[in-house]
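Single-structure report; data block below.
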Amino acid sequence: DCARSVELDAWQQISPAGPPSDDEDLWLRTTVDVGAPAVGERRTLVFDGIATVADVYVAGDLVLHSESMFVRQQVQLGDSVSGEVEVKVC
């Protein structure tokens, strides 16, 4: 199995332009090199402490909806996802 860790400072705020308010969604993005899948390998993105209500997109596809920041979330990556991919959280 293959796991990747992304440091907190690797995330960039992409929206809103300034500090978020209660009326605006906060969008964050980063890139992760997930490599290419080896035969039989499971590749997983793990989120420890994601925002209370959040959607996660990998390579433009919605892959996770979370409603608790206290639950560890995991996303299995398909074989078509490889190399450096963009991950966005809203």
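Each chain in the structure tokens gets a letter, A, B, ..., in the order shown, and its residues are numbered from 1; ligands are numbered from 1 in order too.
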
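For range 56-58 of chain A, the list of residues within 10 Å, based on only C-alpha atoms and with local chain neighbours fewer than 4 positions off taken out, reads Trp27, Leu28, Arg29, Thr30, Thr31, Val32, Leu45, Phe47, Ile50, Leu62, Val63, Leu64, His65, Ser66, Val75, Leu77, Val81, Val85, Glu86, Val87, Lys88, Val89 and Cys90 of chain A.
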
Excluding same-chain residues fewer than 6 positions from Ala36 in chain A, what lies within 10 Å of it counting only C-alpha atoms, as a PyMOL selection string? chain A and resi 43+79-84

Please, could you write that set of residues out with N, CA and C atoms as an mmCIF file, in the first residue's frame?
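Written file, result_22.cif:
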data_model
loop_
_atom_site.group_PDB
_atom_site.id
_atom_site.type_symbol
_atom_site.label_atom_id
_atom_site.label_comp_id
_atom_site.auth_asym_id
_atom_site.auth_seq_id
_atom_site.Cartn_x
_atom_site.Cartn_y
_atom_site.Cartn_z
ATOM 1 N N ARG A 43 -3.635 2.743 -3.380
ATOM 2 C CA ARG A 43 -3.120 4.071 -3.047
ATOM 3 C C ARG A 43 -4.245 4.850 -2.379
ATOM 4 N N ASP A 79 -6.823 3.452 -10.585
ATOM 5 C CA ASP A 79 -5.633 3.255 -11.421
ATOM 6 C C ASP A 79 -5.432 4.377 -12.429
ATOM 7 N N SER A 80 -6.508 5.100 -12.778
ATOM 8 C CA SER A 80 -6.383 6.170 -13.766
ATOM 9 C C SER A 80 -5.779 7.446 -13.168
ATOM 10 N N VAL A 81 -5.689 7.518 -11.854
ATOM 11 C CA VAL A 81 -5.097 8.685 -11.190
ATOM 12 C C VAL A 81 -3.627 8.383 -10.951
ATOM 13 N N SER A 82 -2.762 9.167 -11.588
ATOM 14 C CA SER A 82 -1.331 8.931 -11.418
ATOM 15 C C SER A 82 -0.568 10.232 -11.592
ATOM 16 N N GLY A 83 0.678 10.197 -11.172
ATOM 17 C CA GLY A 83 1.533 11.376 -11.281
ATOM 18 C C GLY A 83 1.140 12.467 -10.304
ATOM 19 N N GLU A 84 1.411 13.688 -10.673
ATOM 20 C CA GLU A 84 1.083 14.828 -9.821
ATOM 21 C C GLU A 84 -0.363 15.246 -10.072
#

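If you look at CA of Gln74 in chain A and CA of Thr44 in chain A, they are 6.4 Å away from each other.
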
I'd like the interatomic distance between CA of Val71 in chain A and CA of Glu7 in chain A, to a tenth of an Å.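 For CA of Val71 in chain A relative to CA of Glu7 in chain A, the distance reads 18.7 Å.
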
Name the closest residue to Thr52 in chain A among the candidates A:Gly40, A:Gly35, A:Asp25, A:Phe70; distances are taken between atoms, counting only C-alpha atoms.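 Closest to Thr52 in chain A of all the choices is A:Phe70.
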
Could you go through chain A and tell me which residues DSSP, when run on the backbone, assigns to strand (DSSP E or B), listing them as an mmCIF file with N, CA and C atoms, in the first residue's frame?
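Listed below is the output, part.cif:
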data_model
loop_
_atom_site.group_PDB
_atom_site.id
_atom_site.type_symbol
_atom_site.label_atom_id
_atom_site.label_comp_id
_atom_site.auth_asym_id
_atom_site.auth_seq_id
_atom_site.Cartn_x
_atom_site.Cartn_y
_atom_site.Cartn_z
ATOM 1 N N CYS A 2 0.328 2.314 -0.502
ATOM 2 C CA CYS A 2 1.089 3.550 -0.653
ATOM 3 C C CYS A 2 0.312 4.704 -0.026
ATOM 4 N N ALA A 3 0.957 5.465 0.830
ATOM 5 C CA ALA A 3 0.305 6.621 1.449
ATOM 6 C C ALA A 3 1.171 7.852 1.228
ATOM 7 N N ARG A 4 0.525 8.992 1.074
ATOM 8 C CA ARG A 4 1.228 10.258 0.886
ATOM 9 C C ARG A 4 0.765 11.226 1.965
ATOM 10 N N GLN A 12 -2.682 25.993 -0.376
ATOM 11 C CA GLN A 12 -2.830 27.407 -0.750
ATOM 12 C C GLN A 12 -4.303 27.759 -0.759
ATOM 13 N N GLN A 13 -4.626 28.916 -0.202
ATOM 14 C CA GLN A 13 -6.002 29.413 -0.263
ATOM 15 C C GLN A 13 -6.233 29.990 -1.653
ATOM 16 N N ILE A 14 -7.268 29.507 -2.351
ATOM 17 C CA ILE A 14 -7.544 30.009 -3.696
ATOM 18 C C ILE A 14 -8.820 30.838 -3.756
ATOM 19 N N SER A 15 -9.658 30.761 -2.732
ATOM 20 C CA SER A 15 -10.867 31.569 -2.696
ATOM 21 C C SER A 15 -11.392 31.570 -1.272
ATOM 22 N N TRP A 27 -11.785 27.814 -0.137
ATOM 23 C CA TRP A 27 -11.223 26.803 -1.040
ATOM 24 C C TRP A 27 -9.720 26.739 -0.832
ATOM 25 N N LEU A 28 -9.198 25.528 -0.672
ATOM 26 C CA LEU A 28 -7.767 25.307 -0.547
ATOM 27 C C LEU A 28 -7.345 24.328 -1.630
ATOM 28 N N ARG A 29 -6.081 24.430 -2.063
ATOM 29 C CA ARG A 29 -5.576 23.509 -3.084
ATOM 30 C C ARG A 29 -4.131 23.160 -2.792
ATOM 31 N N THR A 30 -3.742 22.009 -3.283
ATOM 32 C CA THR A 30 -2.353 21.575 -3.250
ATOM 33 C C THR A 30 -2.160 20.557 -4.362
ATOM 34 N N THR A 31 -0.947 20.172 -4.605
ATOM 35 C CA THR A 31 -0.677 19.086 -5.535
ATOM 36 C C THR A 31 0.028 17.975 -4.780
ATOM 37 N N VAL A 32 -0.261 16.758 -5.191
ATOM 38 C CA VAL A 32 0.324 15.576 -4.561
ATOM 39 C C VAL A 32 0.820 14.654 -5.664
ATOM 40 N N ASP A 33 2.053 14.195 -5.531
ATOM 41 C CA ASP A 33 2.573 13.213 -6.482
ATOM 42 C C ASP A 33 2.189 11.832 -5.978
ATOM 43 N N ARG A 43 -3.635 2.743 -3.380
ATOM 44 C CA ARG A 43 -3.120 4.071 -3.047
ATOM 45 C C ARG A 43 -4.245 4.850 -2.379
ATOM 46 N N THR A 44 -3.922 5.486 -1.262
ATOM 47 C CA THR A 44 -4.929 6.121 -0.433
ATOM 48 C C THR A 44 -4.496 7.529 -0.046
ATOM 49 N N LEU A 45 -5.417 8.481 -0.161
ATOM 50 C CA LEU A 45 -5.217 9.798 0.437
ATOM 51 C C LEU A 45 -5.938 9.778 1.778
ATOM 52 N N VAL A 46 -5.256 10.205 2.825
ATOM 53 C CA VAL A 46 -5.819 10.190 4.172
ATOM 54 C C VAL A 46 -5.903 11.618 4.678
ATOM 55 N N PHE A 47 -7.057 11.966 5.210
ATOM 56 C CA PHE A 47 -7.284 13.296 5.763
ATOM 57 C C PHE A 47 -7.546 13.164 7.256
ATOM 58 N N ALA A 54 -17.031 19.521 4.446
ATOM 59 C CA ALA A 54 -16.063 19.769 3.380
ATOM 60 C C ALA A 54 -16.270 18.796 2.227
ATOM 61 N N ASP A 55 -15.942 19.273 1.035
ATOM 62 C CA ASP A 55 -15.890 18.431 -0.157
ATOM 63 C C ASP A 55 -14.449 18.386 -0.629
ATOM 64 N N VAL A 56 -14.012 17.215 -1.071
ATOM 65 C CA VAL A 56 -12.645 17.030 -1.555
ATOM 66 C C VAL A 56 -12.710 16.609 -3.017
ATOM 67 N N TYR A 57 -11.912 17.277 -3.838
ATOM 68 C CA TYR A 57 -11.826 16.988 -5.269
ATOM 69 C C TYR A 57 -10.402 16.550 -5.586
ATOM 70 N N VAL A 58 -10.264 15.478 -6.342
ATOM 71 C CA VAL A 58 -8.957 15.019 -6.819
ATOM 72 C C VAL A 58 -9.021 15.010 -8.337
ATOM 73 N N ASP A 61 -12.442 15.707 -9.806
ATOM 74 C CA ASP A 61 -13.570 14.841 -9.469
ATOM 75 C C ASP A 61 -13.868 14.892 -7.975
ATOM 76 N N LEU A 62 -15.140 15.039 -7.615
ATOM 77 C CA LEU A 62 -15.559 14.982 -6.218
ATOM 78 C C LEU A 62 -15.349 13.554 -5.721
ATOM 79 N N VAL A 63 -14.506 13.392 -4.691
ATOM 80 C CA VAL A 63 -14.196 12.053 -4.204
ATOM 81 C C VAL A 63 -14.603 11.833 -2.750
ATOM 82 N N LEU A 64 -14.975 12.921 -2.053
ATOM 83 C CA LEU A 64 -15.303 12.780 -0.640
ATOM 84 C C LEU A 64 -16.167 13.949 -0.184
ATOM 85 N N HIS A 65 -17.175 13.643 0.605
ATOM 86 C CA HIS A 65 -17.956 14.657 1.324
ATOM 87 C C HIS A 65 -17.842 14.305 2.795
ATOM 88 N N SER A 66 -17.357 15.237 3.602
ATOM 89 C CA SER A 66 -17.146 15.004 5.027
ATOM 90 C C SER A 66 -18.063 15.914 5.835
ATOM 91 N N GLN A 73 -10.699 10.532 7.407
ATOM 92 C CA GLN A 73 -11.288 10.232 6.101
ATOM 93 C C GLN A 73 -10.215 9.662 5.180
ATOM 94 N N GLN A 74 -10.610 8.690 4.365
ATOM 95 C CA GLN A 74 -9.692 8.077 3.415
ATOM 96 C C GLN A 74 -10.332 8.002 2.042
ATOM 97 N N VAL A 75 -9.526 8.237 1.026
ATOM 98 C CA VAL A 75 -9.979 8.164 -0.363
ATOM 99 C C VAL A 75 -9.066 7.196 -1.103
ATOM 100 N N GLN A 76 -9.656 6.151 -1.664
ATOM 101 C CA GLN A 76 -8.897 5.219 -2.494
ATOM 102 C C GLN A 76 -8.748 5.823 -3.890
ATOM 103 N N LEU A 77 -7.548 5.806 -4.420
ATOM 104 C CA LEU A 77 -7.297 6.342 -5.747
ATOM 105 C C LEU A 77 -7.384 5.234 -6.784
ATOM 106 N N GLU A 84 1.411 13.688 -10.673
ATOM 107 C CA GLU A 84 1.083 14.828 -9.821
ATOM 108 C C GLU A 84 -0.363 15.246 -10.072
ATOM 109 N N VAL A 85 -1.172 15.232 -9.038
ATOM 110 C CA VAL A 85 -2.585 15.569 -9.164
ATOM 111 C C VAL A 85 -2.927 16.739 -8.241
ATOM 112 N N GLU A 86 -3.931 17.499 -8.661
ATOM 113 C CA GLU A 86 -4.405 18.617 -7.850
ATOM 114 C C GLU A 86 -5.477 18.123 -6.903
ATOM 115 N N VAL A 87 -5.367 18.537 -5.648
ATOM 116 C CA VAL A 87 -6.352 18.223 -4.627
ATOM 117 C C VAL A 87 -6.919 19.548 -4.132
ATOM 118 N N LYS A 88 -8.248 19.656 -4.166
ATOM 119 C CA LYS A 88 -8.922 20.866 -3.675
ATOM 120 C C LYS A 88 -9.896 20.486 -2.569
ATOM 121 N N VAL A 89 -10.000 21.361 -1.581
ATOM 122 C CA VAL A 89 -10.941 21.179 -0.473
ATOM 123 C C VAL A 89 -11.765 22.446 -0.351
#
